[in-house]
Structures are given as C-alpha cells and as structure tokens.
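Visitor: So I've got this file, data-v4.csv, and it contains CSV, C-alpha atoms and all ligand atoms:
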```
chain,number,residue,atom,x,y,z
K,141,MET,CA,79.7,76.8,189.9
K,142,GLY,CA,77.2,74.0,189.3
K,143,SER,CA,76.9,71.7,186.3
K,144,SER,CA,75.0,72.9,183.1
K,145,TRP,CA,72.1,70.6,184.2
K,146,GLN,CA,71.9,72.5,187.5
K,147,ARG,CA,72.0,75.9,185.7
K,148,ASP,CA,69.2,74.8,183.3
K,149,LYS,CA,67.2,73.6,186.3
K,150,LYS,CA,67.6,76.9,188.1
K,151,LYS,CA,66.4,78.9,185.1
K,152,GLU,CA,63.4,76.6,184.7
K,153,TYR,CA,59.9,77.9,185.2
K,154,TYR,CA,58.4,75.3,187.6
K,155,TYR,CA,61.6,75.2,189.7
K,156,LYS,CA,61.5,79.0,190.1
K,157,LYS,CA,57.7,78.8,190.9
K,158,ALA,CA,58.3,76.3,193.6
K,159,LYS,CA,61.1,78.4,195.1
K,160,GLU,CA,58.8,81.4,195.2
K,161,SER,CA,55.9,79.4,196.8
K,162,SER,CA,55.8,77.3,200.0
K,163,TYR,CA,56.1,74.1,198.0
K,164,TYR,CA,59.1,72.0,198.7
K,165,SER,CA,59.6,70.8,195.1
K,166,ARG,CA,58.7,71.6,191.4
K,167,ALA,CA,57.0,68.2,191.4
K,168,SER,CA,54.1,69.8,193.4
K,169,TYR,CA,53.0,71.3,190.1
K,170,LYS,CA,52.8,67.9,188.4
K,171,LEU,CA,50.3,66.7,191.1
K,172,LEU,CA,48.3,69.9,191.0
K,173,GLN,CA,48.0,69.6,187.2
K,174,LEU,CA,47.2,65.9,187.3
K,175,ASN,CA,44.6,66.2,190.0
K,176,LYS,CA,42.9,69.1,188.4
K,177,LYS,CA,42.4,67.0,185.3
K,178,TYR,CA,41.7,63.5,186.8
K,179,LYS,CA,40.3,64.2,190.3
K,180,ILE,CA,42.5,61.4,191.7
K,181,ILE,CA,42.5,62.8,195.3
K,182,LYS,CA,39.3,64.2,197.0
K,183,GLU,CA,38.4,65.8,200.2
K,184,GLY,CA,38.4,63.4,203.2
K,185,ASN,CA,40.6,60.8,201.4
K,186,SER,CA,43.3,58.6,203.0
K,187,VAL,CA,46.4,59.0,200.8
K,188,VAL,CA,49.7,57.1,200.8
K,189,ASP,CA,52.5,59.0,199.1
K,190,LEU,CA,55.4,56.6,198.1
K,191,GLY,CA,58.7,58.3,197.4
K,192,ALA,CA,57.6,61.5,199.2
K,193,SER,CA,60.8,63.4,199.9
K,194,PRO,CA,61.3,66.3,200.0
K,195,GLY,CA,57.5,66.6,200.5
K,196,GLY,CA,56.0,68.5,197.5
K,197,TRP,CA,53.4,65.9,196.7
K,198,SER,CA,52.5,65.4,200.3
K,199,GLN,CA,51.9,69.1,200.7
K,200,VAL,CA,49.5,69.1,197.7
K,201,ALA,CA,47.8,65.9,198.8
K,202,LEU,CA,47.1,67.5,202.2
K,203,GLU,CA,45.5,70.5,200.5
K,204,TYR,CA,43.1,68.2,198.6
K,205,VAL,CA,42.2,65.9,201.5
K,206,ASP,CA,41.7,68.9,203.9
K,207,SER,CA,41.3,68.3,207.6
K,208,THR,CA,39.0,65.3,207.3
K,209,GLY,CA,41.5,63.2,205.4
K,210,LEU,CA,45.0,62.0,206.0
K,211,VAL,CA,48.3,61.6,204.2
K,212,VAL,CA,51.1,59.0,204.9
K,213,GLY,CA,54.4,59.8,203.2
K,214,VAL,CA,57.1,57.2,202.8
K,215,ASP,CA,60.7,57.7,201.6
K,216,LEU,CA,64.2,56.4,202.0
K,217,ASN,CA,65.3,60.0,202.7
K,218,LYS,CA,64.3,62.5,205.3
K,219,ILE,CA,61.4,64.8,204.4
K,220,ARG,CA,61.2,68.5,205.0
K,221,PRO,CA,59.0,69.5,207.9
K,222,ILE,CA,55.2,69.1,207.5
K,223,ASN,CA,53.4,69.9,210.7
K,224,GLU,CA,49.8,69.1,209.9
K,225,GLU,CA,48.3,66.7,212.4
K,226,ASN,CA,46.8,64.5,209.7
K,227,PHE,CA,50.3,63.8,208.2
K,228,SER,CA,52.6,60.9,209.1
K,229,PHE,CA,56.0,60.1,207.7
K,230,ILE,CA,57.6,56.7,207.6
K,231,ARG,CA,61.3,56.6,206.7
K,232,GLY,CA,62.3,53.4,204.8
K,233,ASP,CA,62.1,51.3,201.7
K,234,PHE,CA,58.4,50.8,200.7
K,235,THR,CA,59.3,47.6,198.7
K,236,THR,CA,60.1,45.8,202.0
K,237,ASP,CA,57.6,43.8,204.1
K,238,GLU,CA,58.7,45.7,207.3
K,239,ILE,CA,57.8,49.2,205.8
K,240,GLN,CA,54.7,47.9,204.1
K,241,GLU,CA,53.5,46.6,207.5
K,242,GLU,CA,54.2,50.0,209.1
K,243,ILE,CA,52.2,51.7,206.3
K,244,VAL,CA,49.2,49.3,207.0
K,245,ASN,CA,49.4,50.0,210.8
K,246,THR,CA,49.7,53.8,210.3
K,247,LEU,CA,46.7,53.9,207.9
K,248,ASN,CA,44.5,51.9,210.2
K,249,GLU,CA,42.0,51.7,207.4
K,250,GLU,CA,42.0,51.0,203.6
K,251,ALA,CA,43.6,53.8,201.5
K,252,ASP,CA,41.5,55.7,199.0
K,253,VAL,CA,44.5,56.7,197.0
K,254,VAL,CA,48.1,55.6,196.5
K,255,ILE,CA,50.4,58.1,194.7
K,256,SER,CA,54.0,57.3,193.7
K,257,ASP,CA,56.6,59.7,192.3
K,258,ALA,CA,59.3,57.3,193.4
K,259,SER,CA,62.4,57.4,191.2
K,260,PRO,CA,65.3,54.9,191.3
K,261,SER,CA,68.8,56.4,191.1
K,262,LEU,CA,69.0,57.3,187.4
K,263,SER,CA,71.8,56.3,185.2
K,264,GLY,CA,70.7,58.5,182.2
K,265,ILE,CA,70.6,55.3,180.1
K,266,LYS,CA,67.0,54.9,179.0
K,267,ASN,CA,66.7,51.0,179.2
K,268,ILE,CA,68.5,50.8,182.6
K,269,ASP,CA,66.4,53.5,184.1
K,270,HIS,CA,63.2,51.8,182.7
K,271,LEU,CA,64.2,48.5,184.4
K,272,ARG,CA,65.0,50.2,187.7
K,273,SER,CA,61.7,52.0,187.5
K,274,LEU,CA,59.8,48.8,186.6
K,275,ASP,CA,60.8,47.2,190.0
K,276,LEU,CA,59.4,50.2,191.9
K,277,VAL,CA,56.2,50.3,189.8
K,278,GLU,CA,55.6,46.6,190.4
K,279,SER,CA,56.1,47.1,194.1
K,280,VAL,CA,53.6,50.1,194.1
K,281,ILE,CA,51.0,47.9,192.3
K,282,ASN,CA,51.5,45.0,194.7
K,283,LEU,CA,51.2,47.2,197.7
K,284,SER,CA,48.2,49.0,196.3
K,285,GLU,CA,46.4,45.7,195.9
K,286,LEU,CA,47.0,45.1,199.6
K,287,ILE,CA,45.9,48.5,200.9
K,288,LEU,CA,43.5,50.1,198.4
K,289,ARG,CA,39.8,50.1,198.9
K,290,ASP,CA,37.4,49.1,196.1
K,291,ARG,CA,37.1,51.9,193.5
K,292,GLY,CA,40.2,53.6,195.0
K,293,ASN,CA,42.7,55.4,192.7
K,294,ILE,CA,46.5,55.2,192.0
K,295,LEU,CA,48.9,57.5,190.3
K,296,ILE,CA,52.4,56.1,189.4
K,297,LYS,CA,55.5,57.6,187.8
K,298,PHE,CA,57.0,55.2,185.2
K,299,PHE,CA,60.1,55.7,183.0
K,300,GLN,CA,59.2,54.5,179.5
K,301,GLY,CA,60.7,51.3,178.0
K,302,GLU,CA,59.8,47.9,176.6
K,303,ASP,CA,57.7,46.7,179.6
K,304,PHE,CA,55.5,49.8,179.6
K,305,ASN,CA,52.7,48.4,177.5
K,306,ARG,CA,52.6,45.1,179.4
K,307,VAL,CA,52.2,46.9,182.7
K,308,LEU,CA,49.5,49.1,181.2
K,309,LYS,CA,47.6,46.1,180.0
K,310,GLU,CA,47.8,44.5,183.5
K,311,LEU,CA,46.6,47.7,185.1
K,312,LYS,CA,43.6,47.9,182.7
K,313,LYS,CA,42.4,44.6,184.1
K,314,LYS,CA,42.6,45.9,187.7
K,315,PHE,CA,41.1,49.4,187.3
K,316,ARG,CA,38.0,50.7,185.6
K,317,ALA,CA,39.9,53.5,183.7
K,318,VAL,CA,43.7,53.8,183.0
K,319,LYS,CA,45.3,56.9,181.4
K,320,THR,CA,48.9,57.6,180.5
K,321,THR,CA,49.9,61.3,180.7
K,322,LYS,CA,52.8,63.7,181.0
K,323,PRO,CA,51.9,66.9,182.7
K,324,ASN,CA,53.3,70.2,181.3
K,325,SER,CA,55.5,70.6,184.3
K,326,SER,CA,57.3,67.4,183.6
K,327,ARG,CA,60.6,68.0,181.7
K,328,LYS,CA,60.2,67.4,178.0
K,329,LYS,CA,63.4,65.4,177.7
K,330,SER,CA,62.6,63.1,180.6
K,331,SER,CA,61.2,59.7,179.7
K,332,GLU,CA,58.9,59.8,182.7
K,333,MET,CA,55.2,59.2,182.2
K,334,TYR,CA,52.4,59.1,184.8
K,335,LEU,CA,49.9,56.3,184.9
K,336,VAL,CA,46.5,57.4,186.3
K,337,CYS,CA,44.4,54.4,187.4
K,338,LEU,CA,40.9,55.1,188.5
K,339,GLY,CA,38.4,52.8,190.1
K,340,PHE,CA,40.2,49.8,191.6
K,341,LYS,CA,38.3,46.5,191.0
K,342,SER,CA,39.0,45.0,194.5
K,343,PRO,CA,39.0,41.2,194.1
F,1,LIG,C1,61.4,62.6,192.5
F,1,LIG,S1,61.6,62.2,194.2
F,1,LIG,C2,60.0,62.5,194.8
F,1,LIG,C3,59.6,64.0,194.9
F,1,LIG,C4,58.3,64.2,195.6
F,1,LIG,N1,57.1,63.7,194.9
F,1,LIG,C5,58.0,65.6,196.0
F,1,LIG,O1,57.1,66.2,195.4
F,1,LIG,O2,58.7,66.2,196.8
F,1,LIG,C6,61.7,60.5,194.3
F,1,LIG,C7,61.9,59.9,195.7
F,1,LIG,O3,61.7,58.5,195.6
F,1,LIG,C8,62.4,57.9,196.7
F,1,LIG,N2,62.5,56.5,196.6
F,1,LIG,C9,63.0,55.8,195.6
F,1,LIG,N3,62.9,54.4,195.8
F,1,LIG,C10,62.3,54.3,197.1
F,1,LIG,C11,61.9,53.2,197.9
F,1,LIG,N4,62.2,52.0,197.5
F,1,LIG,N5,61.3,53.4,199.1
F,1,LIG,C12,61.1,54.7,199.5
F,1,LIG,N6,61.4,55.8,198.7
F,1,LIG,C13,62.0,55.6,197.5
F,1,LIG,C14,63.7,58.7,196.6
F,1,LIG,O4,64.4,58.6,197.9
F,1,LIG,C15,63.3,60.1,196.3
F,1,LIG,O5,63.2,60.9,197.4
```
Show me, as structure tokens, the structure contained in the file I just sent.
Ligand SMILES: C[S@@+](CC[C@H](N)C(=O)[O-])C[C@H]1O[C@@H](n2cnc3c(N)ncnc32)[C@H](O)[C@@H]1O

Guide:
Amino acid sequence: MGSSWQRDKKKEYYYKKAKESSYYSRASYKLLQLNKKYKIIKEGNSVVDLGASPGGWSQVALEYVDSTGLVVGVDLNKIRPINEENFSFIRGDFTTDEIQEEIVNTLNEEADVVISDASPSLSGIKNIDHLRSLDLVESVINLSELILRDRGNILIKFFQGEDFNRVLKELKKKFRAVKTTKPNSSRKKSSEMYLVCLGFKSP
C-alpha cells in the first residue's frame, strides 16, 4: 500500500494519460501545453534537455524537432530507452564543467533551445526548495549563455520564492520576451512555475 500522495498521484488525470500513452512521464503534457502556446521548439531545432529523466520531455522535443533536428538529454539518473538516431543522452550533473563540456562536444553547434525541468530533491519546505531550485536555475542560465545561439529560446522550471523576481528581471535583460506560466498539467499545490524566455540577445 503506497502513501496517500502516491494514491492521489495514481488517480490524477495527467498521470493516467501518460500511462495510457507512450510518454514516459506526466511532465510530457506540460511541454506539449507550453510549446503549443509559446512555440519554444520548432522543426529542425537543436535542443538540450536538462534534467531529462525518465525522458518525457525529450520524447516531446523529438516530436517537435522531427528528423532534421536533434535532442541532447542530460540527467543524474538513467533515462528510459529512446532509440531515435537524433537523440543523445549524457548521464551526469549539468552544473559541472565536465558535463557542460560533454554537452558542447555532443551538440557540435550552438543550441536553438535549452529546456530544463530539473528538480532538486524536494524537502516540502517552500523556502528550502526555492533555494535549491535557484542553484539549478542559475546553472541553466549560465550554461545557456555559453551554448545558445542568438535569438534562441529557453524554458526553465523554477520553484517560487524570494529570488524569483530578481531572476526574472535578469532574464528580461538577456531575452527579448520573458513570460512566467504554470501549465494546467502542473499540480495546483506545487510552487513550481515555468519561465519561458524567447529571443536570446547574444552578447
Ligand atoms: C521532474 S524530473 C524531470 C522529468 C522530465 N522532464 C520528464 O519529462 O521525464 C527532474 C530531474 O532533474 C534531474 N536533476 C536534478 N538536478 C540535476 C543536475 N544537477 N544534473 C542533472 N540532472 C539533474 C533529476 O535527476 C530528475 O530526474
């Protein structure tokens, strides 16, 4: 018998939907909803998916980029099998120089899009989770500045807290348009938000 959280999760609409489809996680529906609205990923794009396991976002990104694009997934954990030729997986911590160098080498060109659904291990305490998430968000932004092409896009998950507006302000200087959003498929009680940053102003 699982915990009540596990039972709620099992009953939940997007969890069931993912189980019935070939998507590896309910998170796939978040990316589908966000991309439908904001056109973050387009056909032919090179996409880096940070915090990719079990692989739901990478599956959706591969559908959008089609056979002319490519997707590089990165995670501390293993990913479920994705056999498309234009998909590569790097296992490791994307905040480290070693893994960032591997991402650059695997891409072999600038990225059009960086997406990050990376989550720290969550304590359930809002401020702590916000600070843990802040470290990841700052790493995603720094890495994006290294690998993103001019006018490229990023999508980042961020747990809300006191630094949220400061980060938002910084992103508004680096991108032509920045939106904060929470797709319907994101659980209402979660403090997660998504930052959609379009049109990178490459220095
Ligand atoms: C919510 S899951 C991602 C779900 C994924 N978007 C999907 O659709 O299947 C968050 C992931 O972030 C990963 N993660 C957290 N910190 C990381 C880091 N520093 N480097 C690589 N992966 C990280 C975790 O291992 C976890 O698998």

Visitor: How many Å lie between atom CA of K:Lys218 and atom CA of K:Tyr178, rounded to one decimal?

Guide: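 Separation between atom CA of K:Lys218 and atom CA of K:Tyr178: 29.2 Å.
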
Visitor: Counting only C-alpha atoms and all ligand atoms, which of K:Val205, K:Val254, K:Cys337, K:Leu276 gets nearest to ligand LIG 1 (chain F)?

Guide: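 Nearest candidate to ligand LIG 1 (chain F) out of K:Val205, K:Val254, K:Cys337, K:Leu276: K:Leu276.
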
Visitor: Looking at K:Glu224, K:Asn175, K:Glu250, K:Leu262, which one is nearest to ligand LIG 1 (chain F), with distances taken over all atoms listed in the file?

Guide: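 Smallest separation from ligand LIG 1 (chain F) among the options: K:Leu262.
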
Visitor: Atom CA of K:Thr236 and atom CA of K:Leu283 are how many Å apart?

Guide: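 Going from atom CA of K:Thr236 over to atom CA of K:Leu283 covers 10.0 Å.
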
Visitor: Please indicate the distance in Å from atom CA of K:Met333 to atom CA of K:Thr321, rounded to one decimal place.

Guide: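 Distance reported for this atom pair: 5.9 Å.
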
Visitor: Applying 10 Å and only C-alpha atoms, which residues near K:Leu202 remain after dropping the ones on its own chain fewer than 2 positions away? List them as a compact mmCIF listing (two decimals) with C-alpha atoms, in the coordinates of the input.

Guide:
```
# COMPACT_ATOMS: atom_id res chain seq x y z
CA ILE K 181 42.50 62.80 195.30
CA LYS K 182 39.30 64.20 197.00
CA GLU K 183 38.40 65.80 200.20
CA GLY K 184 38.40 63.40 203.20
CA ASN K 185 40.60 60.80 201.40
CA SER K 186 43.30 58.60 203.00
CA VAL K 187 46.40 59.00 200.80
CA TRP K 197 53.40 65.90 196.70
CA SER K 198 52.50 65.40 200.30
CA GLN K 199 51.90 69.10 200.70
CA VAL K 200 49.50 69.10 197.70
CA TYR K 204 43.10 68.20 198.60
CA VAL K 205 42.20 65.90 201.50
CA ASP K 206 41.70 68.90 203.90
CA SER K 207 41.30 68.30 207.60
CA THR K 208 39.00 65.30 207.30
CA GLY K 209 41.50 63.20 205.40
CA LEU K 210 45.00 62.00 206.00
CA VAL K 211 48.30 61.60 204.20
CA VAL K 212 51.10 59.00 204.90
CA ILE K 222 55.20 69.10 207.50
CA GLU K 224 49.80 69.10 209.90
CA ASN K 226 46.80 64.50 209.70
CA PHE K 227 50.30 63.80 208.20
```

Visitor: Each residue of chain K lying at most 7 Å from ligand LIG 1 (chain F) should get a row with its shortest atom-to-atom pair and the distance in Å to one decimal, counting all atoms listed in the file; could you produce that, ordered by chain and increasing number, as CSV?

Guide:
```
residue,atom,partner,partner_atom,distance
K:Tyr164,CA,F:LIG1,O2,6.1
K:Ser165,CA,F:LIG1,O2,5.0
K:Arg166,CA,F:LIG1,O1,6.9
K:Ala167,CA,F:LIG1,O1,4.5
K:Ser168,CA,F:LIG1,O1,5.1
K:Leu190,CA,F:LIG1,N6,6.1
K:Gly191,CA,F:LIG1,O3,3.5
K:Ala192,CA,F:LIG1,C4,4.6
K:Ser193,CA,F:LIG1,O5,4.3
K:Pro194,CA,F:LIG1,O2,4.1
K:Gly195,CA,F:LIG1,O2,3.9
K:Gly196,CA,F:LIG1,O1,3.3
K:Trp197,CA,F:LIG1,O1,3.9
K:Ser198,CA,F:LIG1,O1,6.8
K:Val214,CA,F:LIG1,C12,5.8
K:Asp215,CA,F:LIG1,N6,3.5
K:Leu216,CA,F:LIG1,C12,4.3
K:Asn217,CA,F:LIG1,O4,5.1
K:Gly232,CA,F:LIG1,C12,5.6
K:Asp233,CA,F:LIG1,N5,3.4
K:Phe234,CA,F:LIG1,N5,4.2
K:Thr235,CA,F:LIG1,N4,5.4
K:Asp257,CA,F:LIG1,N1,4.8
K:Ala258,CA,F:LIG1,O3,3.5
K:Ser259,CA,F:LIG1,C6,4.4
K:Pro260,CA,F:LIG1,C9,5.0
K:Leu276,CA,F:LIG1,N4,6.5
```

Visitor: Taking into account all atoms listed in the file, which residue in the set K:Arg220, K:Arg272, K:Lys297, K:Arg289 is nearest to K:Lys322?

Guide: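 Among K:Arg220, K:Arg272, K:Lys297, K:Arg289, it is K:Lys297 that comes nearest to K:Lys322.
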
Visitor: Which one is closest to K:Pro343: K:Val280, K:Val307, K:Leu286, K:Ala317? Count all atoms listed in the file.

Guide: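 The shortest atom-to-atom distance to K:Pro343 comes from K:Leu286.
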
Visitor: Write out as a list in words the residues lying within 12 Å of stretch 309-315 of chain K, counting all atoms listed in the file and excluding same-chain residues fewer than 6 positions away.

Guide: Val277, Glu278, Val280, Ile281, Asn282, Ser284, Glu285, Leu288, Arg289, Asp290, Arg291, Gly292, Asn293, Ile294, Leu295, Ile296, Asp303, Leu335, Val336, Cys337, Leu338, Gly339, Phe340, Lys341, Ser342 and Pro343 of chain K

Visitor: Which one is closest to K:Ala251: K:Asp189, K:Gln300, K:Asn305, K:Lys177? Count all atoms listed in the file.

Guide: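 Checking each of K:Asp189, K:Gln300, K:Asn305, K:Lys177 against K:Ala251, counting all atoms listed in the file, the winner is K:Asp189.
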
Visitor: Please, can stretch 178-196 of chain K be completed to N, CA, C and O atoms and returned as an mmCIF file, in the frame of the given file?

Guide:
```cif
data_model
loop_
_atom_site.group_PDB
_atom_site.id
_atom_site.type_symbol
_atom_site.label_atom_id
_atom_site.label_comp_id
_atom_site.auth_asym_id
_atom_site.auth_seq_id
_atom_site.Cartn_x
_atom_site.Cartn_y
_atom_site.Cartn_z
ATOM 1 N N TYR K 178 42.225 64.897 186.555
ATOM 2 C CA TYR K 178 41.700 63.500 186.800
ATOM 3 C C TYR K 178 40.975 63.321 188.090
ATOM 4 O O TYR K 178 40.447 62.238 188.321
ATOM 5 N N LYS K 179 40.999 64.316 188.983
ATOM 6 C CA LYS K 179 40.300 64.200 190.300
ATOM 7 C C LYS K 179 40.698 62.884 190.999
ATOM 8 O O LYS K 179 39.852 62.077 191.371
ATOM 9 N N ILE K 180 41.990 62.680 191.131
ATOM 10 C CA ILE K 180 42.500 61.400 191.700
ATOM 11 C C ILE K 180 42.297 61.463 193.248
ATOM 12 O O ILE K 180 41.882 60.476 193.854
ATOM 13 N N ILE K 181 42.597 62.599 193.871
ATOM 14 C CA ILE K 181 42.500 62.800 195.300
ATOM 15 C C ILE K 181 41.316 63.703 195.622
ATOM 16 O O ILE K 181 41.207 64.766 194.999
ATOM 17 N N LYS K 182 40.485 63.305 196.591
ATOM 18 C CA LYS K 182 39.300 64.200 197.000
ATOM 19 C C LYS K 182 39.348 64.458 198.453
ATOM 20 O O LYS K 182 40.045 63.770 199.216
ATOM 21 N N GLU K 183 38.546 65.422 198.834
ATOM 22 C CA GLU K 183 38.400 65.800 200.200
ATOM 23 C C GLU K 183 38.081 64.583 201.095
ATOM 24 O O GLU K 183 37.243 63.771 200.707
ATOM 25 N N GLY K 184 38.730 64.449 202.226
ATOM 26 C CA GLY K 184 38.400 63.400 203.200
ATOM 27 C C GLY K 184 39.156 62.062 202.867
ATOM 28 O O GLY K 184 39.067 61.111 203.647
ATOM 29 N N ASN K 185 39.893 62.015 201.766
ATOM 30 C CA ASN K 185 40.600 60.800 201.400
ATOM 31 C C ASN K 185 41.758 60.442 202.309
ATOM 32 O O ASN K 185 42.368 61.332 202.905
ATOM 33 N N SER K 186 42.072 59.115 202.376
ATOM 34 C CA SER K 186 43.300 58.600 203.000
ATOM 35 C C SER K 186 44.286 58.365 201.850
ATOM 36 O O SER K 186 43.995 57.535 200.989
ATOM 37 N N VAL K 187 45.432 59.048 201.885
ATOM 38 C CA VAL K 187 46.400 59.000 200.800
ATOM 39 C C VAL K 187 47.726 58.450 201.234
ATOM 40 O O VAL K 187 48.245 58.902 202.263
ATOM 41 N N VAL K 188 48.307 57.515 200.483
ATOM 42 C CA VAL K 188 49.700 57.100 200.800
ATOM 43 C C VAL K 188 50.560 57.613 199.639
ATOM 44 O O VAL K 188 50.289 57.390 198.457
ATOM 45 N N ASP K 189 51.608 58.353 200.033
ATOM 46 C CA ASP K 189 52.500 59.000 199.100
ATOM 47 C C ASP K 189 53.865 58.277 199.130
ATOM 48 O O ASP K 189 54.642 58.457 200.072
ATOM 49 N N LEU K 190 54.141 57.462 198.108
ATOM 50 C CA LEU K 190 55.400 56.600 198.100
ATOM 51 C C LEU K 190 56.480 57.385 197.357
ATOM 52 O O LEU K 190 56.272 57.840 196.224
ATOM 53 N N GLY K 191 57.634 57.505 197.979
ATOM 54 C CA GLY K 191 58.700 58.300 197.400
ATOM 55 C C GLY K 191 58.411 59.773 197.620
ATOM 56 O O GLY K 191 58.369 60.562 196.679
ATOM 57 N N ALA K 192 58.175 60.155 198.879
ATOM 58 C CA ALA K 192 57.600 61.500 199.200
ATOM 59 C C ALA K 192 58.548 62.610 199.359
ATOM 60 O O ALA K 192 58.146 63.766 199.313
ATOM 61 N N SER K 193 59.820 62.317 199.562
ATOM 62 C CA SER K 193 60.800 63.400 199.900
ATOM 63 C C SER K 193 61.132 64.240 198.663
ATOM 64 O O SER K 193 61.233 63.695 197.570
ATOM 65 N N PRO K 194 61.275 65.546 198.760
ATOM 66 C CA PRO K 194 61.300 66.300 200.000
ATOM 67 C C PRO K 194 59.924 66.694 200.567
ATOM 68 O O PRO K 194 59.846 67.285 201.633
ATOM 69 N N GLY K 195 58.823 66.372 199.855
ATOM 70 C CA GLY K 195 57.500 66.600 200.500
ATOM 71 C C GLY K 195 56.504 67.356 199.638
ATOM 72 O O GLY K 195 55.400 67.629 200.097
ATOM 73 N N GLY K 196 56.897 67.698 198.396
ATOM 74 C CA GLY K 196 56.000 68.500 197.500
ATOM 75 C C GLY K 196 54.666 67.878 197.261
ATOM 76 O O GLY K 196 53.626 68.548 197.322
#
```
